[in-house]
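Asks: There's a structure below that I have some questions on.
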Amino acid sequence: MNKSASIRRLRLLILGLFFLYLGADQQVQAQPNISGLGSIQSDTADLAAMQEGLEVLGIIPWRWANRTKWGAWEVATDSLLRWEHYTDGHVLWAQRSDVIAYELGTVGRQSGHYVQGFGPGDQKVYLEGIDLSNPITGLNELQYVPVHKVSSIQELPSHRLRSDWRLRDYYVIKPISTLNYDESSYTYRNLEFGVGHNFSERSHLELSFWDRRAGGNYPANELKGSQLFAKGYYHLSKTLRLDAWAANNSFEADESFGYSNSSVAFPFSEYGPIPRRNSVSSSSSRSDWFVRLGHRPDSSSLSSSYLQVGRTNHEFNLPFSTDTTAWNIRSLWITGATVLEGSNWGLGAEGRWSGYTNRIDSDTGFHTIKRSNWWESNANLVGYWKVLPTVNLRLGLEQVFTGNLGSALSGWVSLDVENKVIKTNLRLGKGLQLRSIQDQYWTSNSWQNDGINYKDSPLQESQYILGSVDLWPERFLSIWLNARYSLESGTALLAPSKLIQEEMRIYYAKEYSFWSTSVGLDAHSSHWEYGLSATAFSRGNGQIQTQSAELFETDMQFRLRSHAFWKNYVFERAAYTKMGVRLYGSPLASRNLAFDTAAQWWSVQQNGHAEQPAFLRADVEISSRVRSMMVFLRWENVAQGFLGPGYFGADSFPMPGRRLIVSIKAIFRN
């Protein structure tokens, strides 16, 4: 650790403690239980008067309908997110209790996750209606999400896992400024500042800039990126609201292609690791905009109907050796939804159409996707019937159409029981997923399909049963369990060619079994929080479709998590403080998923991967809040060298070593 980095962290720590002391000296009364950090309702004494004033003016704050009545689960809320520290969406998912994370070690990279057993290619994430998946690889690009702006996350599991993310709205007629700053050793830095203003009770405009730096802990691992963001809304009437959004993201990253050192004897320092490629870098950008018209039946109802039009651009360029991975995709998309509800039933319909254009620029050189354009549309129908006051029957259908990749039909049905003692869900379904554009059309000097014509390549199919049980969900102690068992086929595998060892080739799997389960308990009181969970999954042995004598296999993945926190007022109730420890590890050695940098793809195939040793990570956290200002300290990997040398989030990609992260988050109301 260099001297300048230590001085910089000490300076930030002193600054944070100064703010805490200032709040204590002024004897400010904190109200930590009103809402999350960043909400305009936070620590607002005249909240009721403000809302009443809005009603007098004729505008009641807009509320979007959630998807829980249609079978989704709410996994994050504003109040749950406010005491946490997440640099982006990948880090948020990596710290969940029911997730097995394969992190690439640097913020801004596309980490992989198994969420409730759903792999990186089996997830679909929408941010305010924007599809966050990459149009080529299909992987979610959560690195573009500023998590502190998120107000809720809801997930709907079926043949794939759908997540809907909502951002926070402001309803106060005065300027609001936000500042979020994180820093640690090496070159890690995360800076975001923004301004928001409601020009009247009907309108709002928000602008922000996000600058990011990471890497420096290992050779060839630097990364820098930025985001320009703007959003606004205008109430056309009591029942209509017009929303607009624009965001532009860019990243420049050193691409080490992983490190060659043995995982068992890996030196977790910046002097020992040997990158597989020492002078390769990539550049990427993504821009989004949309316009959305929302409707609600009346000013006190939730909004479930909308029509949305948007545009998304993806650019990526990774030149290396004699090869290049590159694309320049522009997409136009249209989506809309509406609902029809009775006293104890409801039907919801949603449709989406996306058209893609691949701009092949001769100046870029070799492109990995030769197809110039394609389109996709899907229609969703969901419904519920309240059989009894505590029993609901739910169902869902999804039909996907494409221009030349065929179509896929999926369906599910579930039964839910919910009361004060137990919440339980049982879901049965069958699903088909279309091949990604990468699976079908990828051409590269070192990456090829197995020879199956794209018209004859199998769809990814699953027949599944999944369920969850939550005992005493509103009590001091709650116990929860979720599990999924599936018979699957058609999964794309990436493995070395049988003919040319330097070449990677796509294969498809025949039928095999897959199971995943998570179990845990959570306890909380006015001053304490405790949690313990275990997550495991296993993909059964199966055959590669084109070579029936060849088997693929994966060993079982197993992770344990635990946390314990104390929370209370300090400084004569001027600040609310929370402190504790988090543990994350695996008692078993395993072969983790691998990230193929040349393809920007998470491979399911694990034969030949190095075995990663058992590990245990310990983080110590302290957060303290004075009104709308938060100081957060996390000492990551504090037990490195005592409980183990370190750990790999993915095969050949190590996680950073011990470091202290200091974060300051503040909101200023002018």
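To be explicit about the labels: the chains of the structure tokens are called A, B, and onward in the order shown, and within each one the residues are counted from 1, while ligands get numbers from 1 in the order they are shown.
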For stretch 466-482 of chain A, list every protein, DNA or RNA residue within 8 Å, evaluated using only C-alpha atoms, and leave out those in the same chain fewer than 5 positions away; present the list as a PyMOL selection string.
Replies: chain A and resi 116+420-428+517-525
Asks: Hey, could you make a per-residue contact list for stretch 68-175 of chain A against stretch 648-654 of chain A with 7 Å as the cut-off, showing the nearest pair of atoms and its distance in Å to one decimal, counting only C-alpha atoms, sorted by chain and number, as a Markdown table?
Replies:
```
| residue | atom | partner | partner_atom | distance |
| --- | --- | --- | --- | --- |
| A:Ala101 | CA | A:Gly649 | CA | 6.8 |
| A:Tyr102 | CA | A:Gly649 | CA | 4.5 |
| A:Glu103 | CA | A:Gly649 | CA | 4.4 |
| A:Leu104 | CA | A:Phe653 | CA | 5.6 |
| A:Gly105 | CA | A:Pro654 | CA | 6.1 |
```
Asks: Which of these residues is nearest to A:Leu179, using only C-alpha atoms: A:Ser628, A:Ser285, A:Thr390, A:Asn637?
Replies: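 The answer is A:Ser628, which sits nearest to A:Leu179.
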Asks: Which residues, written as a PyMOL selection string, have at least one atom at most 9 Å from A:Phe229, with only C-alpha atoms counted and residues fewer than 3 positions away on the same chain left out?
Replies: chain A and resi 194+206-210+245-249
Asks: If we count only C-alpha atoms and set the cut-off at 6 Å, which residues sit around A:Gly383, ignoring sequence neighbours fewer than 2 positions away in its own chain? Please answer as a VMD selection string.
Replies: chain A and resid 346 to 347 394 to 395
Asks: Using N, CA and C atoms, can you export the residues from the last selection as a short mmCIF file (atom, residue, chain, number, x, y, z; two decimals), in the first residue's frame?
Replies:
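Okay, this is what ended up in selection.cif:
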```cif
data_model
loop_
_atom_site.label_atom_id
_atom_site.label_comp_id
_atom_site.auth_asym_id
_atom_site.auth_seq_id
_atom_site.Cartn_x
_atom_site.Cartn_y
_atom_site.Cartn_z
N GLY A 346 -57.44 -10.92 -11.82
CA GLY A 346 -56.78 -9.93 -12.65
C GLY A 346 -56.08 -10.58 -13.83
N LEU A 347 -56.00 -9.84 -14.94
CA LEU A 347 -55.27 -10.26 -16.14
C LEU A 347 -54.38 -9.10 -16.57
N ARG A 394 -52.00 -18.44 -9.71
CA ARG A 394 -51.41 -17.54 -10.69
C ARG A 394 -50.95 -18.33 -11.90
N LEU A 395 -50.86 -17.66 -13.06
CA LEU A 395 -50.39 -18.32 -14.27
C LEU A 395 -49.71 -17.30 -15.16
#
```
Asks: Just want the 10 Å neighbourhood of stretch 303-305 of chain A, counted on only C-alpha atoms, with same-chain residues fewer than 5 positions away dropped. Output as a PyMOL selection string.
Replies: chain A and resi 62-67+239-241+293-298+336-340+348-350
Asks: Save the residues we just selected, C-alpha atoms, as an mmCIF file, in the first residue's frame?
Replies:
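So the final result, stored in again.cif, reads:
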```
data_model
loop_
_atom_site.group_PDB
_atom_site.id
_atom_site.type_symbol
_atom_site.label_atom_id
_atom_site.label_comp_id
_atom_site.auth_asym_id
_atom_site.auth_seq_id
_atom_site.Cartn_x
_atom_site.Cartn_y
_atom_site.Cartn_z
ATOM 1 C CA TRP A 62 -47.203 8.793 -9.116
ATOM 2 C CA ARG A 63 -46.900 5.158 -8.068
ATOM 3 C CA TRP A 64 -46.143 2.374 -10.519
ATOM 4 C CA ALA A 65 -47.887 -0.942 -9.853
ATOM 5 C CA ASN A 66 -45.594 -3.692 -8.640
ATOM 6 C CA ARG A 67 -45.582 -7.197 -10.104
ATOM 7 C CA THR A 239 -54.277 10.298 -14.788
ATOM 8 C CA LEU A 240 -51.500 10.753 -17.398
ATOM 9 C CA ARG A 241 -47.758 11.199 -16.890
ATOM 10 C CA LEU A 293 -46.714 7.669 -21.434
ATOM 11 C CA GLY A 294 -48.207 6.198 -18.261
ATOM 12 C CA HIS A 295 -51.869 5.985 -17.273
ATOM 13 C CA ARG A 296 -53.663 5.391 -13.976
ATOM 14 C CA PRO A 297 -57.438 5.017 -13.501
ATOM 15 C CA ASP A 298 -57.540 7.883 -11.005
ATOM 16 C CA GLY A 336 -46.629 -1.450 -23.747
ATOM 17 C CA ALA A 337 -48.754 -3.035 -21.025
ATOM 18 C CA THR A 338 -52.229 -2.889 -19.566
ATOM 19 C CA VAL A 339 -54.303 -4.726 -16.953
ATOM 20 C CA LEU A 340 -57.888 -5.739 -16.358
ATOM 21 C CA GLY A 348 -52.214 -8.407 -17.372
ATOM 22 C CA ALA A 349 -50.845 -8.204 -20.909
ATOM 23 C CA GLU A 350 -47.464 -6.914 -22.026
#
```
Asks: Calculate how many Å separate atom CA of A:Ala72 from atom CA of A:Gln143, rounding to one decimal.
Replies: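 Taking atom CA of A:Ala72 and atom CA of A:Gln143, their separation equals 23.4 Å.
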Asks: Which one of A:Asn198, A:Asn217, A:Thr87, A:Asn261 sits closest to A:Gly232 if you count only C-alpha atoms?
Replies: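 Among the listed residues, A:Asn198 lies closest to A:Gly232.
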Asks: Excluding same-chain residues fewer than 4 positions from stretch 126-142 of chain A, what lies within 6 Å of it counting only C-alpha atoms, as a list in words?
Replies: Gly89, His90, Gly121, Asp164, Trp165, Arg166, Ile437 and Gln438 of chain A
Asks: Could you pull the residues within 7 Å of A:Pro613, counting only C-alpha atoms, minus those fewer than 5 positions along the same chain, as a PDB file with C-alpha atoms, in the first residue's frame?
Replies:
```pdb
ATOM      1  CA  VAL A 264      -3.611 -22.672  -5.054  1.00  0.00           C
ATOM      2  CA  ALA A 589     -12.976 -26.760  -3.380  1.00  0.00           C
ATOM      3  CA  SER A 590     -14.788 -26.382  -6.701  1.00  0.00           C
TER       4      SER A 590
END
```
